[in-house]
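Everything below belongs to work12.txt, which stores compact mmCIF, C-alpha atoms.
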```
# COMPACT_ATOMS: atom_id res chain seq x y z
CA VAL A 1 64.25 -24.20 6.95
CA ALA A 2 61.32 -26.00 8.48
CA ILE A 3 61.80 -29.07 10.65
CA THR A 4 59.39 -31.70 11.90
CA ALA A 5 60.30 -34.57 14.19
CA GLY A 6 57.98 -37.49 14.81
CA ASP A 7 57.96 -40.54 17.05
CA PRO A 8 57.22 -44.16 16.01
CA PRO A 9 53.40 -43.92 16.30
CA GLY A 10 53.49 -40.89 14.00
CA SER A 11 52.76 -38.03 16.39
CA VAL A 12 54.79 -34.83 16.03
CA ILE A 13 57.17 -34.22 18.92
CA TYR A 14 58.79 -31.08 17.49
CA ALA A 15 57.91 -28.68 14.69
CA ALA A 16 59.43 -25.33 13.71
CA ASN A 17 59.19 -23.08 10.65
CA GLN A 18 61.73 -20.65 9.22
CA GLU A 19 64.53 -21.68 11.57
CA THR A 20 67.95 -20.23 10.76
CA GLU A 21 69.85 -22.10 13.44
CA GLY A 22 69.15 -23.89 16.66
CA ARG A 23 69.02 -27.12 18.57
CA PHE A 24 66.48 -29.68 19.46
CA ARG A 25 66.90 -32.31 22.16
CA PHE A 26 64.55 -34.99 23.34
CA SER A 27 64.56 -38.26 25.18
CA ALA A 28 63.01 -41.19 23.36
CA SER A 29 60.13 -42.56 25.34
CA MET A 30 59.76 -45.70 23.24
CA GLY A 31 61.75 -47.84 20.86
CA GLY A 32 61.29 -47.64 17.12
CA ASN A 33 62.03 -45.41 14.15
CA TYR A 34 61.89 -41.67 14.70
CA VAL A 35 61.34 -39.41 11.69
CA PHE A 36 63.10 -36.10 11.02
CA CYS A 37 61.87 -34.06 8.05
CA PHE A 38 63.62 -30.91 6.80
CA SER A 39 61.96 -28.63 4.24
CA ASN A 40 63.16 -25.63 2.24
CA ALA A 41 59.76 -24.96 0.67
CA MET A 42 59.53 -21.38 2.00
CA SER A 43 62.68 -20.19 0.20
CA THR A 44 63.73 -22.41 -2.66
CA VAL A 45 65.71 -19.64 -4.39
CA THR A 46 68.55 -19.41 -1.88
CA PRO A 47 70.66 -22.47 -1.17
CA LYS A 48 70.85 -23.73 2.39
CA VAL A 49 73.53 -25.65 4.26
CA LEU A 50 72.15 -28.00 6.85
CA LYS A 51 74.28 -29.68 9.46
CA PHE A 52 72.52 -32.35 11.41
CA LYS A 53 73.97 -34.34 14.28
CA MET A 54 72.21 -37.06 16.20
CA ILE A 55 73.61 -38.80 19.25
CA VAL A 56 72.04 -41.93 20.64
CA ILE A 57 72.85 -42.74 24.23
CA GLN A 58 71.92 -46.07 25.69
CA PRO A 59 70.51 -45.94 29.22
CA ARG A 60 72.70 -47.20 32.00
CA GLU A 61 72.16 -50.78 32.94
CA ALA A 62 71.31 -51.61 36.50
CA ASP A 63 74.30 -53.03 38.30
CA SER A 64 73.45 -56.42 39.67
CA SER A 65 77.04 -57.25 40.44
CA ASP A 66 78.59 -57.53 43.85
CA MET A 67 79.72 -53.90 43.98
CA SER A 68 79.66 -52.00 47.19
CA GLU A 69 77.44 -48.94 47.51
CA GLU A 70 80.48 -46.68 47.33
CA ASP A 71 81.65 -48.32 44.08
CA LYS A 72 78.17 -47.94 42.59
CA LYS A 73 78.14 -44.29 43.62
CA ILE A 74 81.56 -43.68 42.04
CA LYS A 75 80.51 -45.49 38.86
CA GLY A 76 77.39 -43.32 38.69
CA MET A 77 79.47 -40.18 39.17
CA ILE A 78 81.83 -41.29 36.38
CA GLY A 79 78.84 -41.82 34.09
CA ASP A 80 77.49 -38.36 34.94
CA LEU A 81 80.91 -36.84 34.30
CA ARG A 82 81.10 -38.64 30.95
CA ASN A 83 77.70 -37.24 29.96
CA GLN A 84 78.68 -33.72 30.99
CA LEU A 85 81.93 -33.93 29.03
CA ARG A 86 80.00 -35.13 26.00
CA GLU A 87 77.64 -32.14 26.35
CA VAL A 88 80.62 -29.77 26.58
CA LYS A 89 82.08 -31.35 23.43
CA GLU A 90 78.74 -30.95 21.63
CA GLU A 91 78.60 -27.29 22.68
CA GLN A 92 82.14 -26.72 21.37
CA ASP A 93 81.28 -28.39 18.06
CA TYR A 94 78.14 -26.25 17.75
CA MET A 95 80.09 -23.06 18.49
CA GLU A 96 82.77 -24.03 15.97
CA ILE A 97 80.13 -24.54 13.27
CA ARG A 98 78.57 -21.15 14.08
CA ASP A 99 81.98 -19.47 14.11
CA ASN A 100 82.84 -20.95 10.72
CA ALA A 101 79.53 -19.78 9.24
CA HIS A 102 79.89 -16.27 10.62
CA SER A 103 83.54 -16.07 9.55
CA GLU A 104 82.54 -17.00 6.01
CA ILE A 105 79.89 -14.26 6.01
CA ASN A 106 82.48 -11.81 7.32
CA ARG A 107 85.02 -12.75 4.63
CA ASN A 108 82.41 -12.39 1.87
CA THR A 109 81.32 -9.01 3.19
CA ASN A 110 84.91 -7.76 3.41
CA ARG A 111 85.61 -8.97 -0.12
CA ARG A 112 82.57 -7.10 -1.45
CA VAL A 113 83.60 -3.91 0.39
CA VAL A 114 87.10 -4.10 -1.15
CA ILE A 115 85.69 -4.68 -4.64
CA TRP A 116 83.27 -1.76 -4.22
CA ALA A 117 86.10 0.50 -2.95
CA CYS A 118 88.24 -0.40 -5.98
CA PHE A 119 85.29 0.36 -8.28
CA GLU A 120 84.73 3.72 -6.55
CA PHE A 121 88.42 4.57 -6.86
CA SER A 122 88.41 3.72 -10.57
CA LEU A 123 85.27 5.78 -11.11
CA LEU A 124 86.73 8.76 -9.25
CA LEU A 125 89.98 8.50 -11.20
CA CYS A 126 88.10 8.49 -14.51
CA MET A 127 85.97 11.44 -13.40
CA THR A 128 89.09 13.37 -12.37
CA ILE A 129 90.84 12.72 -15.68
CA GLY A 130 87.66 13.67 -17.56
CA GLN A 131 87.26 16.93 -15.62
CA ILE A 132 90.92 17.88 -16.14
CA TYR A 133 90.56 17.26 -19.88
CA TYR A 134 87.29 19.25 -20.01
CA ILE A 135 88.67 22.23 -18.07
CA LYS A 136 91.89 22.23 -20.13
CA ARG A 137 89.86 22.34 -23.35
CA PHE A 138 87.58 25.05 -21.91
CA PHE A 139 90.45 27.44 -21.23
CA GLU A 140 92.34 26.60 -24.39
CA VAL A 141 92.88 29.62 -26.65
CA ARG A 142 91.86 29.00 -30.21
CA ARG A 143 92.82 31.23 -33.07
CA VAL A 144 90.52 31.63 -35.97
CA ILE A 145 92.21 32.63 -39.21
```
Just dump the structure as structure tokens.
Amino acid sequence: VAITAGDPPGSVIYAANQETEGRFRFSASMGGNYVFCFSNAMSTVTPKVLKFKMIVIQPREADSSDMSEEDKKIKGMIGDLRNQLREVKEEQDYMEIRDNAHSEINRNTNRRVVIWACFEFSLLLCMTIGQIYYIKRFFEVRRVI
């Protein structure tokens, strides 16, 4: 999957081709509409599942209230802690999505291995029965009258 991200004036801020998974983060330098374009032009035969998550965080407002320096410092630390917890949550969500994708691949692979093993067993059973029948007929005594 190819991705292109552009800012409001139209310049490209991120571009990647043939990405299978990954992340892209940026801080908006200006207000306006940002453009995200995803393309599957390189491989249209295989279906793709795309999960896209965008989080918009408003910048902290300057405190003009009558807070003491210590209160402002604590409020800033709480905001930093909130941002770090949000990043941890995003990381957990990302890992859960990856785990689900890889688990699905694992289940499909195991299912194919079991089906192939059953096919091999059936083929070997038929070959064994055929060989027993052939050898039995080979050693059979026939009388010609």
**Asked** What does the distance between atom CA of Thr4 of chain A and atom CA of Phe36 of chain A come to in Å, to one decimal place?
**Response** 5.8 Å
**Prompt:** In Å, with one decimal, what is the gap from atom CA of Thr46 of chain A to atom CA of Asn108 of chain A?
**Reply:**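 Interatomic distance here is 16.0 Å.
Note that atom CA of Glu140 of chain A and atom CA of Cys126 of chain A are 21.1 Å apart.
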**Message:** My list of candidates is A:Pro9, A:Asp66, A:Val56, A:Ser122. Which is closest to Arg86 of chain A when distances are computed with all atoms listed in the file?
**Reply:**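 Distance minimum relative to Arg86 of chain A lands on A:Val56.
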Per residue of segment 37-88 of chain A within 12 Å of segment 97-103 of chain A, which atom pair is closest and at what distance in Å (one decimal), using all atoms listed in the file, listed by chain and increasing number, as CSV?
```
residue,atom,partner,partner_atom,distance
A:Lys48,CA,A:Ala101,CA,11.7
A:Val49,CA,A:Ala101,CA,9.8
A:Leu50,CA,A:Ile97,CA,10.8
A:Lys51,CA,A:Ile97,CA,8.7
A:Phe52,CA,A:Ile97,CA,11.1
A:Lys53,CA,A:Ile97,CA,11.6
```
**Request:** Might you pull out every residue within 12 Å of Phe24 of chain A, with only C-alpha atoms counted and same-chain residues fewer than 2 positions away left off, and present them as a list in words?
**Result:**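 Residues near the query, excluding close chain neighbours: Ile3, Thr4, Ala5, Ile13, Tyr14, Ala15, Ala16, Glu19, Glu21, Gly22, Phe26, Ser27, Phe36, Phe52, Lys53, Met54 and Ile55 of chain A.
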What would segment 133-145 of chain A look like with N, CA, C and O atoms restored, written as an mmCIF file, in the frame of the given file?
```cif
data_model
loop_
_atom_site.group_PDB
_atom_site.id
_atom_site.type_symbol
_atom_site.label_atom_id
_atom_site.label_comp_id
_atom_site.auth_asym_id
_atom_site.auth_seq_id
_atom_site.Cartn_x
_atom_site.Cartn_y
_atom_site.Cartn_z
ATOM 1 N N TYR A 133 90.584 17.129 -18.415
ATOM 2 C CA TYR A 133 90.560 17.260 -19.880
ATOM 3 C C TYR A 133 89.533 18.309 -20.294
ATOM 4 O O TYR A 133 89.809 19.156 -21.139
ATOM 5 N N TYR A 134 88.346 18.306 -19.666
ATOM 6 C CA TYR A 134 87.290 19.250 -20.010
ATOM 7 C C TYR A 134 87.708 20.684 -19.666
ATOM 8 O O TYR A 134 87.531 21.602 -20.471
ATOM 9 N N ILE A 135 88.253 20.881 -18.473
ATOM 10 C CA ILE A 135 88.670 22.230 -18.070
ATOM 11 C C ILE A 135 89.828 22.717 -18.931
ATOM 12 O O ILE A 135 89.894 23.892 -19.319
ATOM 13 N N LYS A 136 90.755 21.864 -19.263
ATOM 14 C CA LYS A 136 91.890 22.230 -20.130
ATOM 15 C C LYS A 136 91.376 22.667 -21.493
ATOM 16 O O LYS A 136 91.840 23.673 -22.042
ATOM 17 N N ARG A 137 90.426 21.962 -22.045
ATOM 18 C CA ARG A 137 89.860 22.340 -23.350
ATOM 19 C C ARG A 137 89.031 23.606 -23.252
ATOM 20 O O ARG A 137 88.951 24.378 -24.194
ATOM 21 N N PHE A 138 88.407 23.867 -22.100
ATOM 22 C CA PHE A 138 87.580 25.050 -21.910
ATOM 23 C C PHE A 138 88.431 26.314 -21.929
ATOM 24 O O PHE A 138 88.035 27.339 -22.475
ATOM 25 N N PHE A 139 89.597 26.266 -21.310
ATOM 26 C CA PHE A 139 90.450 27.440 -21.230
ATOM 27 C C PHE A 139 91.486 27.500 -22.367
ATOM 28 O O PHE A 139 92.340 28.388 -22.379
ATOM 29 N N GLU A 140 91.409 26.617 -23.275
ATOM 30 C CA GLU A 140 92.340 26.600 -24.390
ATOM 31 C C GLU A 140 92.025 27.772 -25.323
ATOM 32 O O GLU A 140 90.869 28.032 -25.631
ATOM 33 N N VAL A 141 93.064 28.482 -25.730
ATOM 34 C CA VAL A 141 92.880 29.620 -26.650
ATOM 35 C C VAL A 141 92.945 29.103 -28.065
ATOM 36 O O VAL A 141 93.911 28.458 -28.470
ATOM 37 N N ARG A 142 91.921 29.451 -28.831
ATOM 38 C CA ARG A 142 91.860 29.000 -30.210
ATOM 39 C C ARG A 142 91.942 30.243 -31.126
ATOM 40 O O ARG A 142 91.271 31.249 -30.864
ATOM 41 N N ARG A 143 92.695 30.143 -32.115
ATOM 42 C CA ARG A 143 92.820 31.230 -33.070
ATOM 43 C C ARG A 143 92.038 30.882 -34.326
ATOM 44 O O ARG A 143 92.146 29.779 -34.859
ATOM 45 N N VAL A 144 91.273 31.823 -34.756
ATOM 46 C CA VAL A 144 90.520 31.630 -35.970
ATOM 47 C C VAL A 144 91.205 32.483 -37.064
ATOM 48 O O VAL A 144 91.419 33.677 -36.922
ATOM 49 N N ILE A 145 91.541 31.915 -38.129
ATOM 50 C CA ILE A 145 92.210 32.630 -39.210
ATOM 51 C C ILE A 145 91.277 32.853 -40.359
ATOM 52 O O ILE A 145 90.489 32.153 -40.800
#
```
